[in-house]
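S.K.: Pasting in a structure now, in structure tokens, and then I'll have a few things to ask.
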Amino acid sequence: MSRPESVRIAYFVHDLNDPAVRRRIRMFKAGGAEIYLAGFRRGLPVTSIEGVPAHDLGRTADGRFLKRVAATAWVALNGRRWASGVEGADLIVARNLEMLAVAQAVRGGRTRIPVIYECLDIHRLMLSPGPAGRGLRWLEGALARRSAALITSSPAFVENYFEPLSQVRLPVELVENKVFIEQALPPAARTNRGDGAPWRIGWFGAIRCLKSFRILSAVSRRLDGALEVVLRGRPAHREFPDFDAMIAAEPYMRFEGPYRNPEELPRIYGEVDFAWVIDYFEEGQNSEWLLPNRLYESGWVGTVPIALERTAIGRWLAARRIGLCLGDDLETALTETLRALNSEKFRSLQEAVGARATEDWVHTPTECRHLIARLMDAAPAAGR
């Protein structure tokens, strides 16, 4: 089909402070799109992202579900205030369910503009068998019937939620959480390990899993100096009794603050031996199915990922015969594995990761252009 020389995308996001929003905007721009950006925020005001002006819809907070519902309803009911943003748009992309409601309200009668539903996590309420879960799934299905396509980041989301449980029946675009770089960054200056040096695990990104913290604390104490754990990113303070006090009390764990993605990825992953890609935040549900950013970030730099065998991450790694995949008794398994590990075995693990094709870890500008083209191909569905 013929397409305009420049595709115009109206992008509605749940959190302007989320680093993954920046990556998607960069991908859209690399694909040749002009962008109108609007969204809620969960931190300080954001005026622009990657040169794109950001239209602030208000502040929400992690876990404050009722507040998010109220904010979403207010914006949706006052959709005309933001209607000018979608005038002339070729696509509307809505990042998660609340923004899908906002996008549909702002679009109004402009049904020629296809709406793309971007869902990269399945909230536990969406899986509830009770009235709240059934109501949310009904709402999601109703909004999806007025949409053109679904973007998601893991096949396990489709297999475990969208096909068997949800009412969403849309063409699926799988867009993994790979690193995106417009041009090659310098290779990682890896820290040289000496014999007897402690192993180092990096836990980077969204720090939201209390169970992971406790396991890493226990293992590092049991190894008594043979393991160091470095945390970087954004701690979800509401998930920890007192994150600052907890980290201060740990003899072998330290928090080194936020970082720029992707600019600092080579450096921070180059300073550790292993990447923690385990998540128990929604154990048995979303945590079992996701393929997180840190999986691709670590592999791109050549850092060995640590995962649970039974999860989608573990299966992804096992299919490629890379990484350190462990069983459910994780504290014991990790302790014993690191005690038995020597430099030769570690180099073998590291070389296996480094031998994978770059395309396993990185989105290229060509992929971004193909993504925009596929989303534009979804346009006829909006008129059916």
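Naming scheme: A, B, ... for chains in displayed order of the structure tokens; residues 1 onward per chain; ligands 1 onward as shown.
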Report as a tab-separated table the residues of region 240-291 of chain A within 12 Å of region 348-351 of chain A, each with its shortest atom pair and distance in Å (one decimal), using only C-alpha atoms, ordered by chain and increasing residue number.

M.R.:
residue	atom	partner	partner_atom	distance
A:Gly270	CA	A:Gln350	CA	11.6
A:Val272	CA	A:Gln350	CA	11.5
A:Asp273	CA	A:Gln350	CA	8.4
A:Phe274	CA	A:Gln350	CA	9.2
A:Ala275	CA	A:Gln350	CA	11.5

S.K.: Can you pull out every residue within 12 Å of Ile122 (chain A), counting only C-alpha atoms, but drop anything in the same chain fewer than 4 positions away, and send it as number ranges by chain?

M.R.: A: 96-97, 118, 126-128, 133, 136-137, 140, 152-154, 156-158, 160-162, 165-166, 281-290

S.K.: Suppose we keep C-alpha atoms; can you now write the selection as a PDB file, in the first residue's frame?

M.R.:
ATOM      1  CA  ASN A  96      -1.250   0.121  28.325  1.00  0.00           C
ATOM      2  CA  LEU A  97      -4.938  -0.100  29.141  1.00  0.00           C
ATOM      3  CA  GLU A 118       0.758  -1.458  23.317  1.00  0.00           C
ATOM      4  CA  MET A 126      -6.283  -8.276  34.741  1.00  0.00           C
ATOM      5  CA  LEU A 127      -5.879 -11.930  35.788  1.00  0.00           C
ATOM      6  CA  SER A 128      -8.265 -11.839  38.735  1.00  0.00           C
ATOM      7  CA  GLY A 133     -10.765  -8.712  36.814  1.00  0.00           C
ATOM      8  CA  LEU A 136     -11.258  -4.867  33.374  1.00  0.00           C
ATOM      9  CA  ARG A 137     -11.087  -7.648  30.784  1.00  0.00           C
ATOM     10  CA  GLU A 140     -10.071  -4.047  27.506  1.00  0.00           C
ATOM     11  CA  THR A 152       3.449  -6.908  23.028  1.00  0.00           C
ATOM     12  CA  SER A 153       6.956  -7.938  24.026  1.00  0.00           C
ATOM     13  CA  SER A 154       6.809 -11.664  24.860  1.00  0.00           C
ATOM     14  CA  ALA A 156       4.223 -15.893  26.676  1.00  0.00           C
ATOM     15  CA  PHE A 157       1.875 -12.921  27.139  1.00  0.00           C
ATOM     16  CA  VAL A 158      -0.082 -14.106  24.110  1.00  0.00           C
ATOM     17  CA  ASN A 160      -0.975 -17.233  28.780  1.00  0.00           C
ATOM     18  CA  TYR A 161      -3.206 -14.172  28.702  1.00  0.00           C
ATOM     19  CA  PHE A 162      -4.315 -12.756  25.369  1.00  0.00           C
ATOM     20  CA  LEU A 165      -8.260 -15.226  29.000  1.00  0.00           C
ATOM     21  CA  SER A 166      -8.550 -11.767  27.482  1.00  0.00           C
ATOM     22  CA  PHE A 281       7.246  -9.203  41.591  1.00  0.00           C
ATOM     23  CA  GLU A 282       4.141 -10.943  40.221  1.00  0.00           C
ATOM     24  CA  GLU A 283       5.272 -14.514  40.703  1.00  0.00           C
ATOM     25  CA  GLY A 284       3.272 -17.122  38.800  1.00  0.00           C
ATOM     26  CA  GLN A 285       1.862 -14.446  36.500  1.00  0.00           C
ATOM     27  CA  ASN A 286       3.553 -11.530  34.721  1.00  0.00           C
ATOM     28  CA  SER A 287       6.952 -12.391  36.191  1.00  0.00           C
ATOM     29  CA  GLU A 288       6.795 -15.841  34.607  1.00  0.00           C
ATOM     30  CA  TRP A 289       6.004 -14.500  31.138  1.00  0.00           C
ATOM     31  CA  LEU A 290       8.015 -11.334  30.575  1.00  0.00           C
TER      32      LEU A 290
END

S.K.: Write out, as a Markdown table, each residue of region 242-270 of chain A that has an atom at most 12 Å from region 302-312 of chain A, together with the closest pair of atoms and their distance in Å to one decimal, counting only C-alpha atoms, rows going by chain and rising number.

M.R.:
| residue | atom | partner | partner_atom | distance |
| --- | --- | --- | --- | --- |
| A:Leu265 | CA | A:Thr303 | CA | 10.8 |
| A:Pro266 | CA | A:Gly302 | CA | 9.1 |
| A:Arg267 | CA | A:Thr303 | CA | 11.2 |
| A:Ile268 | CA | A:Thr303 | CA | 10.2 |
| A:Tyr269 | CA | A:Thr303 | CA | 6.4 |
| A:Gly270 | CA | A:Thr303 | CA | 7.1 |

S.K.: Take the selection from the previous step and output its residues with C-alpha atoms, as an mmCIF file, in the first residue's frame.

M.R.:
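Result saved to result_16.cif:
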data_model
loop_
_atom_site.group_PDB
_atom_site.id
_atom_site.type_symbol
_atom_site.label_atom_id
_atom_site.label_comp_id
_atom_site.auth_asym_id
_atom_site.auth_seq_id
_atom_site.Cartn_x
_atom_site.Cartn_y
_atom_site.Cartn_z
ATOM 1 C CA LEU A 265 24.935 0.280 29.307
ATOM 2 C CA PRO A 266 28.391 -0.770 28.056
ATOM 3 C CA ARG A 267 30.041 0.698 31.132
ATOM 4 C CA ILE A 268 27.708 -0.581 33.846
ATOM 5 C CA TYR A 269 27.292 -4.086 32.421
ATOM 6 C CA GLY A 270 31.015 -4.196 31.658
#

S.K.: Could I get the residues of region 256-369 of chain A with an atom no further than 12 Å from an atom of region 217-230 of chain A, each paired with its nearest atom pair and that distance in Å to one decimal, using only C-alpha atoms, sorted by chain and residue number, as a Markdown table?

M.R.:
| residue | atom | partner | partner_atom | distance |
| --- | --- | --- | --- | --- |
| A:Glu256 | CA | A:Val230 | CA | 7.2 |
| A:Gly257 | CA | A:Val230 | CA | 9.9 |
| A:Pro258 | CA | A:Val230 | CA | 11.9 |
| A:Ile268 | CA | A:Val230 | CA | 9.4 |
| A:Tyr269 | CA | A:Val230 | CA | 10.2 |
| A:Glu271 | CA | A:Val230 | CA | 9.4 |
| A:Val272 | CA | A:Val230 | CA | 8.0 |
| A:Asp273 | CA | A:Glu228 | CA | 10.1 |
| A:Phe274 | CA | A:Val229 | CA | 9.5 |
| A:Ala275 | CA | A:Val230 | CA | 9.7 |
| A:Trp276 | CA | A:Val229 | CA | 9.4 |
| A:Asp329 | CA | A:Val219 | CA | 11.8 |
| A:Leu330 | CA | A:Val219 | CA | 9.3 |
| A:Glu331 | CA | A:Val219 | CA | 6.1 |
| A:Thr332 | CA | A:Val219 | CA | 7.9 |
| A:Ala333 | CA | A:Val219 | CA | 9.6 |
| A:Leu334 | CA | A:Val219 | CA | 7.2 |
| A:Thr335 | CA | A:Val219 | CA | 5.7 |
| A:Glu336 | CA | A:Leu223 | CA | 9.4 |
| A:Thr337 | CA | A:Val219 | CA | 10.8 |
| A:Leu338 | CA | A:Leu227 | CA | 8.2 |
| A:Arg339 | CA | A:Leu223 | CA | 7.7 |
| A:Ala340 | CA | A:Ala226 | CA | 11.5 |
| A:Leu341 | CA | A:Ala226 | CA | 11.0 |
| A:Asn342 | CA | A:Ala226 | CA | 11.9 |

S.K.: Save out the residues we just selected, N, CA and C atoms, as a short mmCIF file (atom, residue, chain, number, x, y, z; two decimals), in the first residue's frame.

M.R.:
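New file selection17.cif:
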data_model
loop_
_atom_site.label_atom_id
_atom_site.label_comp_id
_atom_site.auth_asym_id
_atom_site.auth_seq_id
_atom_site.Cartn_x
_atom_site.Cartn_y
_atom_site.Cartn_z
N GLU A 256 23.96 2.17 43.28
CA GLU A 256 24.76 3.22 42.66
C GLU A 256 23.93 4.17 41.80
N GLY A 257 22.61 4.23 42.05
CA GLY A 257 21.79 5.26 41.44
C GLY A 257 21.35 4.96 40.02
N PRO A 258 20.72 5.96 39.37
CA PRO A 258 20.20 5.77 38.01
C PRO A 258 21.31 5.82 36.97
N ILE A 268 28.21 0.03 32.61
CA ILE A 268 27.71 -0.58 33.85
C ILE A 268 27.65 -2.11 33.74
N TYR A 269 27.29 -2.63 32.57
CA TYR A 269 27.29 -4.09 32.42
C TYR A 269 28.72 -4.62 32.28
N GLU A 271 31.11 -3.74 34.05
CA GLU A 271 31.71 -3.79 35.38
C GLU A 271 31.25 -4.98 36.21
N VAL A 272 30.33 -5.80 35.65
CA VAL A 272 29.82 -6.96 36.40
C VAL A 272 30.00 -8.22 35.57
N ASP A 273 29.94 -9.37 36.25
CA ASP A 273 30.10 -10.65 35.57
C ASP A 273 28.77 -11.24 35.14
N PHE A 274 27.74 -11.02 35.97
CA PHE A 274 26.42 -11.60 35.74
C PHE A 274 25.36 -10.51 35.82
N ALA A 275 24.26 -10.72 35.11
CA ALA A 275 23.10 -9.82 35.19
C ALA A 275 21.93 -10.57 35.81
N TRP A 276 21.29 -9.98 36.79
CA TRP A 276 20.13 -10.55 37.46
C TRP A 276 18.90 -10.25 36.61
N ASP A 329 14.91 -23.69 44.01
CA ASP A 329 15.63 -23.44 45.26
C ASP A 329 16.80 -22.52 44.94
N LEU A 330 16.47 -21.28 44.65
CA LEU A 330 17.43 -20.38 44.01
C LEU A 330 18.58 -20.02 44.94
N GLU A 331 18.28 -19.78 46.20
CA GLU A 331 19.34 -19.40 47.12
C GLU A 331 20.43 -20.46 47.19
N THR A 332 20.01 -21.72 47.33
CA THR A 332 20.98 -22.82 47.39
C THR A 332 21.68 -23.01 46.05
N ALA A 333 20.90 -23.00 44.96
CA ALA A 333 21.47 -23.24 43.64
C ALA A 333 22.50 -22.18 43.27
N LEU A 334 22.19 -20.93 43.54
CA LEU A 334 23.12 -19.85 43.19
C LEU A 334 24.37 -19.93 44.06
N THR A 335 24.20 -20.19 45.34
CA THR A 335 25.35 -20.31 46.23
C THR A 335 26.29 -21.41 45.77
N GLU A 336 25.73 -22.59 45.51
CA GLU A 336 26.56 -23.73 45.10
C GLU A 336 27.20 -23.51 43.74
N THR A 337 26.47 -22.89 42.82
CA THR A 337 27.02 -22.63 41.48
C THR A 337 28.21 -21.70 41.54
N LEU A 338 28.09 -20.62 42.30
CA LEU A 338 29.19 -19.66 42.38
C LEU A 338 30.38 -20.22 43.15
N ARG A 339 30.12 -21.07 44.14
CA ARG A 339 31.22 -21.70 44.86
C ARG A 339 32.03 -22.63 43.95
N ALA A 340 31.33 -23.29 43.02
CA ALA A 340 32.00 -24.25 42.14
C ALA A 340 32.58 -23.61 40.89
N LEU A 341 32.23 -22.36 40.63
CA LEU A 341 32.61 -21.72 39.37
C LEU A 341 34.08 -21.28 39.41
N ASN A 342 34.78 -21.56 38.34
CA ASN A 342 36.15 -21.06 38.21
C ASN A 342 36.26 -20.19 36.96
#

S.K.: Any idea what the distance is between CA of Glu87 (chain A) and CA of Val21 (chain A)?

M.R.: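 Computed distance, CA of Glu87 (chain A) to CA of Val21 (chain A), equals 22.0 Å.
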
S.K.: Separation of CA of Arg68 (chain A) and CA of Ala20 (chain A), in Å?

M.R.: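 These two atoms are separated by 19.6 Å.
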
S.K.: Compile the contact shell of Arg23 (chain A) as a ChimeraX atom specification: residues with an atom at most 9 Å away, counting only C-alpha atoms, same-chain residues fewer than 6 positions apart removed.

M.R.: /A:179-181,261-262

S.K.: Just the selected residues (N, CA and C atoms), exported as a PDB file, in the first residue's frame, please.

M.R.:
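Below you can see again35.pdb, which holds the result:
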ATOM      1  N   VAL A 179      17.618  -3.646  23.075  1.00  0.00           N
ATOM      2  CA  VAL A 179      18.304  -2.353  23.077  1.00  0.00           C
ATOM      3  C   VAL A 179      18.084  -1.692  21.723  1.00  0.00           C
ATOM      4  N   PHE A 180      17.963  -0.355  21.724  1.00  0.00           N
ATOM      5  CA  PHE A 180      17.925   0.346  20.439  1.00  0.00           C
ATOM      6  C   PHE A 180      19.055   1.360  20.394  1.00  0.00           C
ATOM      7  N   ILE A 181      19.853   1.284  19.342  1.00  0.00           N
ATOM      8  CA  ILE A 181      20.932   2.240  19.133  1.00  0.00           C
ATOM      9  C   ILE A 181      20.922   2.672  17.673  1.00  0.00           C
ATOM     10  N   ASN A 261      20.204   5.157  29.530  1.00  0.00           N
ATOM     11  CA  ASN A 261      20.019   3.984  28.670  1.00  0.00           C
ATOM     12  C   ASN A 261      19.755   4.469  27.242  1.00  0.00           C
ATOM     13  N   PRO A 262      20.561   4.096  26.253  1.00  0.00           N
ATOM     14  CA  PRO A 262      21.600   3.056  26.261  1.00  0.00           C
ATOM     15  C   PRO A 262      23.013   3.567  26.487  1.00  0.00           C
TER      16      PRO A 262
END

S.K.: Could you give me, as a VMD selection string, the residues within 9 Å of Glu34 (chain A), counting only C-alpha atoms and dropping anything in the same chain fewer than 4 positions from it?

M.R.: chain A and resid 6 to 10 28 to 29 52

S.K.: Per DSSP on the backbone, what are the strand (DSSP E) residues of region 206-331 of chain A, as a list in words?

M.R.: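 Going through region 206-331 of chain A, the strand (DSSP E) residues come out as Ala206, Ile207, Leu227, Glu228, Val229, Val230, Leu231, Arg232, Gly233, Arg234, Pro235, Met253, Arg254, Phe255, Phe274, Ala275, Trp276, Val304, Pro305, Ile306, Ala307, Leu308, Leu324, Cys325 and Leu326 of chain A.
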
S.K.: Excluding Arg320 (chain A) and residues on its chain fewer than 2 positions from it, collect all residues at most 10 Å away from it, counting only C-alpha atoms, and give them as JSON, numbers by chain.

M.R.: {"A": [315, 316, 317, 318, 322, 323, 352, 353, 356, 360]}

S.K.: Those selected residues, please, written with C-alpha atoms and delivered as a short mmCIF file (atom, residue, chain, number, x, y, z; two decimals), in the first residue's frame.

M.R.:
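Listed below is the output, result_34.cif:
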data_model
loop_
_atom_site.label_atom_id
_atom_site.label_comp_id
_atom_site.auth_asym_id
_atom_site.auth_seq_id
_atom_site.Cartn_x
_atom_site.Cartn_y
_atom_site.Cartn_z
CA ARG A 315 13.28 -20.95 28.12
CA TRP A 316 14.52 -18.15 25.85
CA LEU A 317 18.06 -18.61 27.16
CA ALA A 318 17.91 -22.42 27.09
CA ILE A 322 23.41 -19.46 26.98
CA GLY A 323 23.15 -17.95 30.43
CA ALA A 352 28.65 -18.31 24.53
CA VAL A 353 26.79 -15.05 25.17
CA ARG A 356 25.20 -14.74 19.65
CA ASP A 360 19.31 -11.22 19.32
#

S.K.: Hey, can you check how far CA of Pro53 (chain A) sits from CA of Ala378 (chain A)?

M.R.: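 For CA of Pro53 (chain A) relative to CA of Ala378 (chain A), the distance reads 26.4 Å.
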
S.K.: Please identify the alpha helix (DSSP H) residues within region 228-372 of chain A (assignment by DSSP from backbone atoms) and present them as an NGL selection string.

M.R.: :A and (243-248 or 265-270 or 286-289 or 293-301 or 312-320 or 330-340 or 343-354 or 365-372)

S.K.: Selection from above, C-alpha atoms, as an mmCIF file, in the first residue's frame, can you write it?

M.R.:
data_model
loop_
_atom_site.group_PDB
_atom_site.id
_atom_site.type_symbol
_atom_site.label_atom_id
_atom_site.label_comp_id
_atom_site.auth_asym_id
_atom_site.auth_seq_id
_atom_site.Cartn_x
_atom_site.Cartn_y
_atom_site.Cartn_z
ATOM 1 C CA PHE A 243 15.099 0.547 50.790
ATOM 2 C CA ASP A 244 17.792 2.994 51.918
ATOM 3 C CA ALA A 245 18.162 1.355 55.325
ATOM 4 C CA MET A 246 18.101 -2.128 53.820
ATOM 5 C CA ILE A 247 20.880 -1.421 51.342
ATOM 6 C CA ALA A 248 22.939 0.363 53.984
ATOM 7 C CA LEU A 265 24.935 0.280 29.307
ATOM 8 C CA PRO A 266 28.391 -0.770 28.056
ATOM 9 C CA ARG A 267 30.041 0.698 31.132
ATOM 10 C CA ILE A 268 27.708 -0.581 33.846
ATOM 11 C CA TYR A 269 27.292 -4.086 32.421
ATOM 12 C CA GLY A 270 31.015 -4.196 31.658
ATOM 13 C CA ASN A 286 3.553 -11.530 34.721
ATOM 14 C CA SER A 287 6.952 -12.391 36.191
ATOM 15 C CA GLU A 288 6.795 -15.841 34.607
ATOM 16 C CA TRP A 289 6.004 -14.500 31.138
ATOM 17 C CA ASN A 293 14.963 -5.062 29.180
ATOM 18 C CA ARG A 294 17.867 -6.343 31.255
ATOM 19 C CA LEU A 295 17.896 -9.648 29.365
ATOM 20 C CA TYR A 296 18.786 -7.883 26.104
ATOM 21 C CA GLU A 297 20.977 -5.213 27.687
ATOM 22 C CA SER A 298 23.201 -7.773 29.389
ATOM 23 C CA GLY A 299 23.474 -10.011 26.336
ATOM 24 C CA TRP A 300 24.370 -7.095 24.085
ATOM 25 C CA VAL A 301 27.303 -6.176 26.318
ATOM 26 C CA ALA A 312 9.914 -17.464 29.677
ATOM 27 C CA ILE A 313 13.354 -15.919 30.225
ATOM 28 C CA GLY A 314 14.815 -19.298 31.162
ATOM 29 C CA ARG A 315 13.281 -20.951 28.121
ATOM 30 C CA TRP A 316 14.518 -18.154 25.849
ATOM 31 C CA LEU A 317 18.063 -18.606 27.159
ATOM 32 C CA ALA A 318 17.905 -22.421 27.089
ATOM 33 C CA ALA A 319 16.837 -22.376 23.438
ATOM 34 C CA ARG A 320 20.048 -20.476 22.671
ATOM 35 C CA LEU A 330 17.427 -20.377 44.014
ATOM 36 C CA GLU A 331 19.344 -19.395 47.125
ATOM 37 C CA THR A 332 20.977 -22.817 47.386
ATOM 38 C CA ALA A 333 21.473 -23.241 43.637
ATOM 39 C CA LEU A 334 23.118 -19.852 43.190
ATOM 40 C CA THR A 335 25.351 -20.309 46.233
ATOM 41 C CA GLU A 336 26.561 -23.732 45.099
ATOM 42 C CA THR A 337 27.016 -22.632 41.484
ATOM 43 C CA LEU A 338 29.188 -19.657 42.379
ATOM 44 C CA ARG A 339 31.223 -21.702 44.860
ATOM 45 C CA ALA A 340 31.998 -24.251 42.145
ATOM 46 C CA SER A 343 37.595 -18.651 35.656
ATOM 47 C CA GLU A 344 37.669 -21.232 32.883
ATOM 48 C CA LYS A 345 33.994 -22.172 33.282
ATOM 49 C CA PHE A 346 33.040 -18.510 33.498
ATOM 50 C CA ARG A 347 34.894 -17.666 30.276
ATOM 51 C CA SER A 348 32.946 -20.427 28.549
ATOM 52 C CA LEU A 349 29.649 -18.900 29.729
ATOM 53 C CA GLN A 350 30.774 -15.447 28.666
ATOM 54 C CA GLU A 351 31.972 -16.567 25.237
ATOM 55 C CA ALA A 352 28.653 -18.313 24.534
ATOM 56 C CA VAL A 353 26.790 -15.052 25.165
ATOM 57 C CA GLY A 354 29.266 -13.087 23.080
ATOM 58 C CA PRO A 365 16.991 1.341 12.326
ATOM 59 C CA THR A 366 15.892 -1.002 9.532
ATOM 60 C CA GLU A 367 13.734 -2.955 12.001
ATOM 61 C CA CYS A 368 12.221 0.336 13.160
ATOM 62 C CA ARG A 369 11.230 1.249 9.604
ATOM 63 C CA HIS A 370 9.709 -2.199 9.133
ATOM 64 C CA LEU A 371 7.766 -1.821 12.391
ATOM 65 C CA ILE A 372 6.250 1.480 11.255
#

S.K.: Using only C-alpha atoms, pick whichever of A:Ser48, A:Thr60, A:Ser147, A:Gln167 has the shortest atom-to-atom distance to Arg112 (chain A).

M.R.: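 Closest to Arg112 (chain A), using only C-alpha atoms: A:Ser147.
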
S.K.: Looking at A:Gly327, A:Gly39, A:Gly51, A:Gly109, which one is nearest to Val75 (chain A), with distances taken over only C-alpha atoms?

M.R.: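 The answer is A:Gly39, which sits nearest to Val75 (chain A).
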
S.K.: Give me, as a PDB file with N, CA, C and O atoms, in the first residue's frame, all polymer residues having an atom no more than 8 Å from Val46 (chain A), counting only C-alpha atoms and skipping those fewer than 3 positions away in the same chain.

M.R.:
ATOM      1  N   LEU A  16       5.638   9.339  31.597  1.00  0.00           N
ATOM      2  CA  LEU A  16       6.652  10.054  30.821  1.00  0.00           C
ATOM      3  C   LEU A  16       8.048   9.877  31.414  1.00  0.00           C
ATOM      4  O   LEU A  16       9.044  10.103  30.728  1.00  0.00           O
ATOM      5  N   ASN A  17       8.138   9.464  32.670  1.00  0.00           N
ATOM      6  CA  ASN A  17       9.429   9.261  33.323  1.00  0.00           C
ATOM      7  C   ASN A  17      10.032   7.884  33.054  1.00  0.00           C
ATOM      8  O   ASN A  17      11.175   7.626  33.432  1.00  0.00           O
ATOM      9  N   ARG A  41       2.666  11.152  34.348  1.00  0.00           N
ATOM     10  CA  ARG A  41       4.029  10.986  34.843  1.00  0.00           C
ATOM     11  C   ARG A  41       3.965  10.495  36.283  1.00  0.00           C
ATOM     12  O   ARG A  41       2.993  10.728  37.000  1.00  0.00           O
ATOM     13  N   ILE A  49      11.023  14.742  25.338  1.00  0.00           N
ATOM     14  CA  ILE A  49      11.810  13.516  25.282  1.00  0.00           C
ATOM     15  C   ILE A  49      12.365  13.388  23.874  1.00  0.00           C
ATOM     16  O   ILE A  49      11.594  13.382  22.904  1.00  0.00           O
ATOM     17  N   ALA A  54       6.546  17.127  25.357  1.00  0.00           N
ATOM     18  CA  ALA A  54       5.714  16.204  26.138  1.00  0.00           C
ATOM     19  C   ALA A  54       4.532  16.963  26.736  1.00  0.00           C
ATOM     20  O   ALA A  54       4.717  17.953  27.447  1.00  0.00           O
ATOM     21  N   ASP A  56       1.799  17.038  29.353  1.00  0.00           N
ATOM     22  CA  ASP A  56       1.615  16.430  30.675  1.00  0.00           C
ATOM     23  C   ASP A  56       0.123  16.307  30.985  1.00  0.00           C
ATOM     24  O   ASP A  56      -0.594  17.296  31.050  1.00  0.00           O
TER      25      ASP A  56
END

S.K.: Here is a test: counting only C-alpha atoms, which residue of A:Tyr259, A:Trp138, A:Tyr252, A:Tyr11 is nearest to Ala206 (chain A)?

M.R.: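 Closest to Ala206 (chain A) of all the choices is A:Tyr259.
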